[in-house]
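*Asks:* This is the structure I have questions about; it appears just below.
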Amino acid sequence: MTGDFLDAFAELNAAFGAEEGVLRLPLELLYEDPKQPREDFNETQLRELAETVRRHGLLQPIVVRPADPNGRYMLRFGARRLRAARLAGLAEVSVLVRPGDPTEAEVLIEQVLENEQRTGLSTAERARCVDRLIDLGLSQAQIGRELRQPKDVIAMLAAVRRMPPVLQQRASTLGARTLYSLYGAWKADAEATEAWLAARPSAPITQSEARDLAARLTSPAADRLEAPSPPQRERSRRRRSAAAGEEAWEVEVEWEGRSGVLELRRPPLRDGQAWVRFEGAEEVRSVAAATLRIRRLRPPKG
């Protein structure tokens with residue numbers, strides 16, 4: 001009986017082409033997009049959603065593409081709702097058929113935005129989406145505009161694929177800024193950073209803790225807790241010698257509406273990062289140099 005029903009749907013789709021509107025379809029006709037951005041599904045949350053669906057039904061239709069030649073529909077949005085409907089034992093659900101032939105990039109952008117409005121994606125999932133969009137030809141600036149994210153966040157997500165495995169493994173549980181601060185610490189001292197992480201195998205890591213670690217490991221050798229190596233002592237000596245000479249001009253910058261000056265005497269950073277000391281606070285942090293706006297040069301004081 002079920003096979004005859006599915007065959008009837010396939011014949012109707014072949015006869016009428018891509019339909020538009022809300023339909024009631026059996027779950028057998030629906031399948032997930034294999035390239036959807038969400039890869040990790042929280043089982044506890046799915047069971048809770050399934051209980052809601054069991055009691056009240058699916059309150060919002062699942063959005064699908066027009067039927068394929070086999071009379072089946074691939075999801076555009078609603079993978080969590082589809083899985084919950086299956087757990088709830090539903091035989092059919094309401095779907096909204098959205099016609100059109102969007103590009104892979106357009107579909108991915110829509111899926112990311114839709115997921116973020118419901119249960120947000122992890123840093124790992126967001127980073128993989130940014131990588132895909134870059135591979136599809138979009139610039140980081142374009143991705144930021146499409147996903148409505150600051151440029152520095154996109155730069156942080158794009159950097160995840162360059163991170164060592166010890167950090168990539170944490171990308172599913174840490175925020176982008178926290179992970180990027182740990183990356184700065186790792187680039188300054190990989191051994192110390194990995195030891196610090198090993199001592200926290202499952203403990204939550206706050207953004208403040210990650211930022212403090214990065215600041216400590218990237219500070220001059222004289223400020224480090226451990227004894228400096230000979231090359232570190234030499235670099236520290238050169239920095240102190242330069243500091244004892246003529247005062248340098250300051251580069252005043254602006255970042256996300258905040259004013260600050262470049263910290264040129266700190267150890268240089270790789271990957272287009274720069275140290276900035278923000279006015280009105282003692283905070284010194286690394287930011288993507290491309291996101292800075294140079295305002296003016298300030299002459300030496302005195």
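Identifiers in the structure tokens: chain A, B, ... in order shown; residue index from 1 per chain; ligand index from 1 in order shown.
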I need the residues in range 43-187 of chain A that are strand (DSSP E or B) according to DSSP; give them as a list in words.
*Replies:* Ile62, Val63, Val64, Tyr73, Met74, Leu75, Arg76, Phe77, Glu92, Val93, Ser94, Val95, Leu96 and Val97 of chain A
*Asks:* What's around range 24-38 of chain A at 9 Å? Count only C-alpha atoms, leave out sequence neighbours fewer than 2 positions away in its own chain, and write the answer as a short mmCIF file (atom, residue, chain, number, x, y, z; two decimals) with N, CA and C atoms, in the first residue's frame.
*Replies:*
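Written out: out_9.cif:
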```
data_model
loop_
_atom_site.label_atom_id
_atom_site.label_comp_id
_atom_site.auth_asym_id
_atom_site.auth_seq_id
_atom_site.Cartn_x
_atom_site.Cartn_y
_atom_site.Cartn_z
N LEU A 6 3.53 6.04 -2.68
CA LEU A 6 4.73 6.77 -3.10
C LEU A 6 4.81 6.86 -4.62
N VAL A 22 1.98 24.70 0.81
CA VAL A 22 2.07 23.80 1.95
C VAL A 22 1.37 22.49 1.61
N ASP A 40 26.06 18.19 14.44
CA ASP A 40 25.87 17.62 15.77
C ASP A 40 24.45 17.92 16.25
N PHE A 41 23.73 16.87 16.59
CA PHE A 41 22.36 17.01 17.08
C PHE A 41 22.31 16.55 18.53
N VAL A 64 11.10 22.60 2.17
CA VAL A 64 11.76 21.62 1.29
C VAL A 64 11.91 22.18 -0.11
N ALA A 67 10.06 18.46 -5.53
CA ALA A 67 10.32 17.03 -5.60
C ALA A 67 11.38 16.71 -6.66
N GLY A 71 10.28 11.68 -6.85
CA GLY A 71 9.14 12.09 -6.06
C GLY A 71 9.45 12.32 -4.59
N ARG A 72 10.72 12.51 -4.25
CA ARG A 72 11.12 12.75 -2.87
C ARG A 72 11.58 14.20 -2.73
N TYR A 73 11.56 14.69 -1.50
CA TYR A 73 11.82 16.11 -1.23
C TYR A 73 13.03 16.26 -0.29
N MET A 74 14.00 17.04 -0.72
CA MET A 74 15.15 17.31 0.14
C MET A 74 14.90 18.57 0.97
N LEU A 75 15.26 18.50 2.23
CA LEU A 75 15.04 19.63 3.13
C LEU A 75 15.93 20.81 2.79
N ARG A 76 15.36 22.00 2.95
CA ARG A 76 16.17 23.21 2.98
C ARG A 76 16.35 23.66 4.42
N PHE A 77 15.27 23.63 5.20
CA PHE A 77 15.33 23.94 6.63
C PHE A 77 14.47 22.93 7.38
N GLY A 78 14.91 22.60 8.61
CA GLY A 78 14.05 21.81 9.49
C GLY A 78 14.55 20.42 9.81
N ALA A 79 15.85 20.18 9.79
CA ALA A 79 16.37 18.84 10.07
C ALA A 79 16.03 18.41 11.50
N LEU A 82 12.35 17.50 11.60
CA LEU A 82 12.10 16.22 10.94
C LEU A 82 12.52 15.06 11.84
N ALA A 85 10.02 14.72 14.62
CA ALA A 85 8.77 14.13 14.13
C ALA A 85 8.89 12.62 14.03
N ARG A 86 10.04 12.15 13.59
CA ARG A 86 10.26 10.70 13.49
C ARG A 86 10.29 10.08 14.89
N LEU A 90 5.28 10.36 14.19
CA LEU A 90 4.34 10.91 13.21
C LEU A 90 4.47 10.17 11.88
N ALA A 91 3.36 10.05 11.18
CA ALA A 91 3.38 9.40 9.87
C ALA A 91 3.60 10.41 8.76
N GLU A 92 3.10 11.64 8.96
CA GLU A 92 3.24 12.68 7.95
C GLU A 92 3.35 14.03 8.63
N VAL A 93 3.85 15.01 7.90
CA VAL A 93 4.04 16.36 8.43
C VAL A 93 3.68 17.38 7.35
N SER A 94 3.51 18.62 7.79
CA SER A 94 3.29 19.72 6.85
C SER A 94 4.63 20.22 6.34
N VAL A 95 4.71 20.45 5.04
CA VAL A 95 5.95 20.99 4.46
C VAL A 95 5.59 22.16 3.56
N VAL A 107 22.10 28.61 -0.70
CA VAL A 107 21.43 27.65 0.18
C VAL A 107 22.14 27.58 1.53
N LEU A 108 23.46 27.50 1.50
CA LEU A 108 24.23 27.40 2.75
C LEU A 108 24.02 28.63 3.62
N GLN A 111 20.67 28.44 5.24
CA GLN A 111 20.63 27.42 6.29
C GLN A 111 21.34 27.90 7.55
N VAL A 112 22.46 28.58 7.39
CA VAL A 112 23.17 29.10 8.57
C VAL A 112 22.30 30.12 9.30
N ASN A 115 19.41 28.39 11.12
CA ASN A 115 19.87 27.68 12.31
C ASN A 115 20.19 28.63 13.45
N LEU A 121 24.57 27.27 15.77
CA LEU A 121 25.59 26.31 15.38
C LEU A 121 26.81 26.45 16.30
N SER A 122 27.58 25.39 16.40
CA SER A 122 28.82 25.45 17.17
C SER A 122 29.89 26.18 16.37
N GLU A 125 31.03 24.02 13.48
CA GLU A 125 30.11 24.01 12.34
C GLU A 125 30.15 25.33 11.59
N ARG A 126 30.22 26.44 12.32
CA ARG A 126 30.29 27.76 11.67
C ARG A 126 31.59 27.89 10.88
N ARG A 128 33.32 25.47 9.48
CA ARG A 128 33.24 24.66 8.26
C ARG A 128 32.38 25.36 7.21
N CYS A 129 31.34 26.06 7.65
CA CYS A 129 30.51 26.82 6.69
C CYS A 129 31.31 27.95 6.06
#
```
*Asks:* In terms of the shortest atom-to-atom distance over only C-alpha atoms, which of A:Ser219, A:Thr291, A:Ser208, A:Gln169 is closest to Ala188 in chain A?
*Replies:* A:Ser219
*Asks:* Measuring atom to atom with only C-alpha atoms, identify which of A:Ser181, A:Gln117, A:Thr206, A:Thr173 is nearest to Ala288 in chain A.
*Replies:*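 Of A:Ser181, A:Gln117, A:Thr206, A:Thr173, the one nearest Ala288 in chain A is A:Ser181, counting only C-alpha atoms.
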*Asks:* In terms of the shortest atom-to-atom distance over only C-alpha atoms, which of A:Gln45, A:Val261, A:Ala105, A:Pro164 is closest to Gly137 in chain A?
*Replies:*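 Smallest distance to Gly137 in chain A is found for A:Ala105.
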*Asks:* Can you list, as a count of residues only, every residue of range 107-219 of chain A that DSSP puts in alpha helix (DSSP H)?
*Replies:* 77
*Asks:* Which residues come within 10 Å of range 189-202 of chain A, counting only C-alpha atoms, excluding same-chain residues fewer than 6 positions away, as a PDB file with C-alpha atoms, in the first residue's frame?
*Replies:*
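Written out: out07.pdb:
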```
ATOM      1  CA  PRO A 164      46.370  22.384  15.492  1.00  0.00           C
ATOM      2  CA  VAL A 166      44.307  20.037  19.993  1.00  0.00           C
ATOM      3  CA  LEU A 167      42.362  23.258  19.347  1.00  0.00           C
ATOM      4  CA  ARG A 170      37.646  22.084  21.214  1.00  0.00           C
ATOM      5  CA  THR A 173      32.409  23.482  22.721  1.00  0.00           C
ATOM      6  CA  LEU A 182      43.854  30.017  22.687  1.00  0.00           C
ATOM      7  CA  TYR A 183      45.253  29.952  19.144  1.00  0.00           C
ATOM      8  CA  ALA A 210      41.797  32.155  27.328  1.00  0.00           C
ATOM      9  CA  LEU A 213      46.637  32.831  28.977  1.00  0.00           C
ATOM     10  CA  ALA A 214      47.384  34.414  25.602  1.00  0.00           C
ATOM     11  CA  LEU A 217      52.407  33.642  26.941  1.00  0.00           C
ATOM     12  CA  THR A 218      52.873  36.500  24.479  1.00  0.00           C
ATOM     13  CA  GLU A 226      58.847  30.275  33.640  1.00  0.00           C
TER      14      GLU A 226
END
```
